[in-house]
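*Asks:* One structure, as C-alpha cells, below. Some questions next.
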Amino acid sequence: MNLNKKSKWVNTALLLVLSLPGYARAKTEDFSFGHPGLAAKVGRTVKINALDNMRFSPDKLRVRAGETVRFIVTNKGQLVHEFILGDRKEQAEHEQEMKRMGGMAMPDEANGVTLRPGQTKTLIWTFGKPGEVEFACHQPGHYLAGMVGIIQVK
Ligand SMILES: [Cu+2]
C-alpha cells in the first residue's frame with residue numbers, strides 16, 4: 001500500500017468513527033452519571049428484558065463507580081419500549097421531549113435505545129460518581145406506570 005492510499009484509508013476509517021451516533025453525541029453532550037463505554041473496558045454484561053406489564057426484569061442493579069457495563073436489552077413484549085439511562089433530571093427531560101414529539105419512536109442515543117417488539121440491542125456504559133441512575137421507558141404513559149429500574153452506583 002503506498003502512502004497516499006494508506007492515508008485515504010485512514011481518513012475513511014476516521015470518518016466512519018466520527019459519524020457513529022454515540023460518538024457524536026458523546027462529544028456534544030456531557031452526562032453527569034457517566035459516559036458511553038468502550039467494549040474493551042466491559043467488566044460485566046447484564047441482560048435486561050422490557051415487558052408489556054410496564055416493568056423491566058431485572059429492575060434493580062448495583063454497580064461500582066467507574067465500572068463499565070454492557071447492557072443487552074430485549075423487548076419481550078408486543079409494544080415499542082425504550083431503555084434510557086439517566087439520573088432523575090435526565091429522565092424528566094426525556095419524558096418532556098417524548099411528550100413534545102407525540103410519543104414517536106426516537107432514534108437511538110448515546111445513553112439509550114428504542115426497541116421494537118422482539119428486538120435486542122446493546123448499550124455499553126461507564127458509570128460515574130456514586131449515586132442513583134435510572135433506566136426507563138418513555139413511550140407514552142410507560143414511565144408514569146412505573147417502567148423504570150434503579151441502578152445503585154457505589
Ligand atoms: Cu415501555
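Going through the C-alpha cells in order, the chains are called A, B, and so on, while each chain numbers its residues from 1 and the ligands are numbered from 1 in the order shown.
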What's the 12 Å shell around A:His94, counting only C-alpha atoms, without same-chain residues fewer than 2 positions away, as a compact mmCIF listing (two decimals) with N, CA and C atoms, in the first residue's frame?
*Replies:*
```
# COMPACT_ATOMS: atom_id res chain seq x y z
N GLU A 82 -38.49 1.56 25.40
CA GLU A 82 -37.18 2.20 25.40
C GLU A 82 -36.38 1.72 26.60
N PHE A 83 -35.06 1.89 26.47
CA PHE A 83 -34.15 1.68 27.60
C PHE A 83 -33.27 2.91 27.64
N ILE A 84 -33.60 3.85 28.51
CA ILE A 84 -32.88 5.12 28.59
C ILE A 84 -32.18 5.20 29.94
N LEU A 85 -30.87 5.36 29.92
CA LEU A 85 -30.10 5.52 31.16
C LEU A 85 -30.06 6.99 31.52
N GLY A 86 -30.24 7.28 32.82
CA GLY A 86 -30.13 8.67 33.22
C GLY A 86 -30.47 8.90 34.67
N ASP A 87 -29.98 10.01 35.20
CA ASP A 87 -30.40 10.38 36.55
C ASP A 87 -31.83 10.92 36.45
N ARG A 88 -32.40 11.27 37.60
CA ARG A 88 -33.79 11.72 37.65
C ARG A 88 -34.04 12.90 36.69
N LYS A 89 -33.06 13.82 36.65
CA LYS A 89 -33.20 15.03 35.83
C LYS A 89 -33.24 14.66 34.34
N GLU A 90 -32.32 13.77 33.93
CA GLU A 90 -32.26 13.33 32.53
C GLU A 90 -33.57 12.62 32.14
N GLN A 91 -34.10 11.82 33.05
CA GLN A 91 -35.36 11.10 32.77
C GLN A 91 -36.52 12.08 32.61
N ALA A 92 -36.54 13.11 33.46
CA ALA A 92 -37.61 14.11 33.39
C ALA A 92 -37.54 14.85 32.05
N GLN A 96 -40.36 14.82 28.93
CA GLN A 96 -40.91 16.04 28.31
C GLN A 96 -40.69 16.01 26.80
N GLU A 97 -39.50 15.59 26.39
CA GLU A 97 -39.14 15.53 24.97
C GLU A 97 -40.10 14.59 24.23
N MET A 98 -40.37 13.44 24.86
CA MET A 98 -41.27 12.46 24.24
C MET A 98 -42.69 13.00 24.13
N LYS A 99 -43.11 13.77 25.14
CA LYS A 99 -44.45 14.37 25.10
C LYS A 99 -44.55 15.34 23.93
N ARG A 100 -43.47 16.15 23.78
CA ARG A 100 -43.43 17.12 22.68
C ARG A 100 -43.50 16.43 21.33
N MET A 101 -42.81 15.28 21.23
CA MET A 101 -42.73 14.57 19.96
C MET A 101 -43.94 13.68 19.72
N GLY A 103 -44.79 11.05 21.34
CA GLY A 103 -44.54 9.63 21.65
C GLY A 103 -43.97 8.83 20.50
N MET A 106 -38.01 7.30 19.13
CA MET A 106 -36.86 8.18 18.99
C MET A 106 -35.65 7.41 18.45
N GLU A 109 -29.70 6.88 21.06
CA GLU A 109 -28.79 7.91 21.53
C GLU A 109 -27.66 7.25 22.30
N ASN A 111 -27.06 7.35 25.36
CA ASN A 111 -27.48 6.79 26.65
C ASN A 111 -28.80 6.03 26.58
N GLY A 112 -29.24 5.68 25.36
CA GLY A 112 -30.49 4.95 25.31
C GLY A 112 -30.84 4.41 23.94
N PHE A 135 -32.93 3.40 34.72
CA PHE A 135 -33.16 3.06 33.31
C PHE A 135 -34.66 3.02 33.12
N ALA A 136 -35.11 3.70 32.08
CA ALA A 136 -36.55 3.94 31.98
C ALA A 136 -37.04 3.91 30.54
N CYS A 137 -38.35 3.72 30.42
CA CYS A 137 -39.02 3.77 29.12
C CYS A 137 -39.97 4.95 29.12
N HIS A 138 -39.90 5.76 28.04
CA HIS A 138 -40.72 6.97 27.97
C HIS A 138 -41.75 6.91 26.85
N GLN A 139 -42.05 5.71 26.39
CA GLN A 139 -43.21 5.60 25.50
C GLN A 139 -44.41 6.11 26.31
N PRO A 140 -45.42 6.71 25.63
CA PRO A 140 -46.47 7.42 26.37
C PRO A 140 -47.08 6.59 27.50
N TYR A 143 -43.47 5.44 31.72
CA TYR A 143 -42.66 5.87 32.87
C TYR A 143 -43.55 6.09 34.09
```
*Asks:* Could you give me, as JSON lines, a per-residue list for stretch 122-147 of chain A showing, wherever an atom lies at most 10 Å from an atom of stretch 36-50 of chain A, the closest pair of atoms and their distance in Å to one decimal, using only C-alpha atoms and sorting by chain then residue number from low to high?
*Replies:*
```
{"residue": "A:Thr122", "atom": "CA", "partner": "A:Lys47", "partner_atom": "CA", "distance": 9.3}
{"residue": "A:Leu123", "atom": "CA", "partner": "A:Pro36", "partner_atom": "CA", "distance": 8.1}
{"residue": "A:Ile124", "atom": "CA", "partner": "A:Gly37", "partner_atom": "CA", "distance": 5.0}
{"residue": "A:Trp125", "atom": "CA", "partner": "A:Gly37", "partner_atom": "CA", "distance": 4.4}
{"residue": "A:Thr126", "atom": "CA", "partner": "A:Gly37", "partner_atom": "CA", "distance": 4.8}
{"residue": "A:Phe127", "atom": "CA", "partner": "A:Gly37", "partner_atom": "CA", "distance": 8.5}
{"residue": "A:Ala136", "atom": "CA", "partner": "A:Ala50", "partner_atom": "CA", "distance": 9.7}
{"residue": "A:Cys137", "atom": "CA", "partner": "A:Ala50", "partner_atom": "CA", "distance": 8.7}
{"residue": "A:Met147", "atom": "CA", "partner": "A:Ala50", "partner_atom": "CA", "distance": 8.6}
```
*Asks:* Report the residues of stretch 13-141 of chain A whose backbone DSSP state falls under helix (DSSP H, G or I), written as a PyMOL selection string.
*Replies:* chain A and resi 13-18+21-28+39-41+88-100
*Asks:* Just write the chosen residues, N, CA and C atoms, as a CSV table (one decimal), in the first residue's frame.
*Replies:*
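The file below, part-v8.csv, is the result:
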```csv
chain,number,residue,atom,x,y,z
A,13,ALA,N,-11.6,5.6,7.6
A,13,ALA,CA,-11.8,5.0,8.9
A,13,ALA,C,-12.2,6.0,10.0
A,14,LEU,N,-11.5,7.1,9.9
A,14,LEU,CA,-11.7,8.2,10.9
A,14,LEU,C,-13.2,8.8,10.7
A,15,LEU,N,-13.5,9.0,9.4
A,15,LEU,CA,-14.9,9.5,9.1
A,15,LEU,C,-15.9,8.6,9.7
A,16,LEU,N,-15.7,7.2,9.5
A,16,LEU,CA,-16.7,6.3,10.0
A,16,LEU,C,-16.9,6.4,11.5
A,17,VAL,N,-15.7,6.4,12.2
A,17,VAL,CA,-15.8,6.5,13.7
A,17,VAL,C,-16.5,7.8,14.1
A,18,LEU,N,-16.1,8.9,13.4
A,18,LEU,CA,-16.7,10.2,13.8
A,18,LEU,C,-18.2,10.3,13.5
A,21,PRO,N,-23.3,7.5,15.8
A,21,PRO,CA,-24.1,8.4,16.6
A,21,PRO,C,-23.7,8.6,18.0
A,22,GLY,N,-23.3,7.5,18.6
A,22,GLY,CA,-22.8,7.5,20.0
A,22,GLY,C,-21.7,8.5,20.2
A,23,TYR,N,-20.7,8.4,19.3
A,23,TYR,CA,-19.5,9.3,19.4
A,23,TYR,C,-19.9,10.8,19.2
A,24,ALA,N,-20.8,11.0,18.2
A,24,ALA,CA,-21.2,12.4,18.0
A,24,ALA,C,-21.9,13.0,19.3
A,25,ARG,N,-22.7,12.2,19.8
A,25,ARG,CA,-23.5,12.6,21.0
A,25,ARG,C,-22.6,12.8,22.2
A,26,ALA,N,-21.6,11.8,22.3
A,26,ALA,CA,-20.7,11.9,23.5
A,26,ALA,C,-19.9,13.1,23.4
A,27,LYS,N,-19.6,13.6,22.2
A,27,LYS,CA,-18.7,14.7,22.0
A,27,LYS,C,-19.5,16.0,22.4
A,28,THR,N,-20.8,16.0,22.1
A,28,THR,CA,-21.5,17.2,22.2
A,28,THR,C,-22.3,17.3,23.5
A,39,ALA,N,-16.0,-1.1,24.4
A,39,ALA,CA,-16.2,-2.6,24.5
A,39,ALA,C,-15.0,-3.2,25.3
A,40,ALA,N,-13.8,-2.7,25.0
A,40,ALA,CA,-12.6,-3.3,25.6
A,40,ALA,C,-12.6,-3.1,27.2
A,41,LYS,N,-13.4,-2.2,27.7
A,41,LYS,CA,-13.4,-1.9,29.1
A,41,LYS,C,-14.6,-2.6,29.9
A,88,ARG,N,-32.4,11.3,37.6
A,88,ARG,CA,-33.8,11.7,37.6
A,88,ARG,C,-34.0,12.9,36.7
A,89,LYS,N,-33.1,13.8,36.7
A,89,LYS,CA,-33.2,15.0,35.8
A,89,LYS,C,-33.2,14.7,34.3
A,90,GLU,N,-32.3,13.8,33.9
A,90,GLU,CA,-32.3,13.3,32.5
A,90,GLU,C,-33.6,12.6,32.1
A,91,GLN,N,-34.1,11.8,33.1
A,91,GLN,CA,-35.4,11.1,32.8
A,91,GLN,C,-36.5,12.1,32.6
A,92,ALA,N,-36.5,13.1,33.5
A,92,ALA,CA,-37.6,14.1,33.4
A,92,ALA,C,-37.5,14.8,32.0
A,93,GLU,N,-36.3,15.2,31.6
A,93,GLU,CA,-36.1,15.9,30.3
A,93,GLU,C,-36.6,15.0,29.2
A,94,HIS,N,-36.2,13.7,29.2
A,94,HIS,CA,-36.6,12.8,28.2
A,94,HIS,C,-38.1,12.6,28.1
A,95,GLU,N,-38.7,12.6,29.3
A,95,GLU,CA,-40.2,12.4,29.4
A,95,GLU,C,-40.9,13.6,28.7
A,96,GLN,N,-40.4,14.8,28.9
A,96,GLN,CA,-40.9,16.0,28.3
A,96,GLN,C,-40.7,16.0,26.8
A,97,GLU,N,-39.5,15.6,26.4
A,97,GLU,CA,-39.1,15.5,25.0
A,97,GLU,C,-40.1,14.6,24.2
A,98,MET,N,-40.4,13.4,24.9
A,98,MET,CA,-41.3,12.5,24.2
A,98,MET,C,-42.7,13.0,24.1
A,99,LYS,N,-43.1,13.8,25.1
A,99,LYS,CA,-44.5,14.4,25.1
A,99,LYS,C,-44.5,15.3,23.9
A,100,ARG,N,-43.5,16.2,23.8
A,100,ARG,CA,-43.4,17.1,22.7
A,100,ARG,C,-43.5,16.4,21.3
```
*Asks:* Which residues, written as a list in words, have at least one atom at most 7 Å from A:Gln119, with only C-alpha atoms counted and residues fewer than 3 positions away on the same chain left out?
*Replies:*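 Selected residues are Thr74, Asn75, Leu115 and Arg116 of chain A.
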*Asks:* Would you compute the distance between atom CA of A:Lys121 and atom CA of A:Val69? Give it in Å to one decimal.
*Replies:* 13.7 Å
*Asks:* Please identify which residues in stretch 59-146 of chain A DSSP calls strand (DSSP E) from the backbone, and express them as a PyMOL selection string.
*Replies:* chain A and resi 60-63+68-75+81-86+112-115+120-127+131-136
*Asks:* Please compute the atom CA of A:Leu51-atom CA of A:Ile151 distance, one decimal, in Å.
*Replies:*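 Those two atoms sit 18.1 Å apart.
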*Asks:* Would you please work out which residue, of A:Thr120, A:Gln152, A:Asn53, A:Thr68, is nearest to ligand 1 when using only C-alpha atoms and all ligand atoms?
*Replies:* A:Asn53
*Asks:* When you draw a straight line from atom CA of A:Arg70 to atom CA of A:Leu144, how long is it in Å?
*Replies:*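 Rounded to one decimal, the two atoms are 26.2 Å apart.
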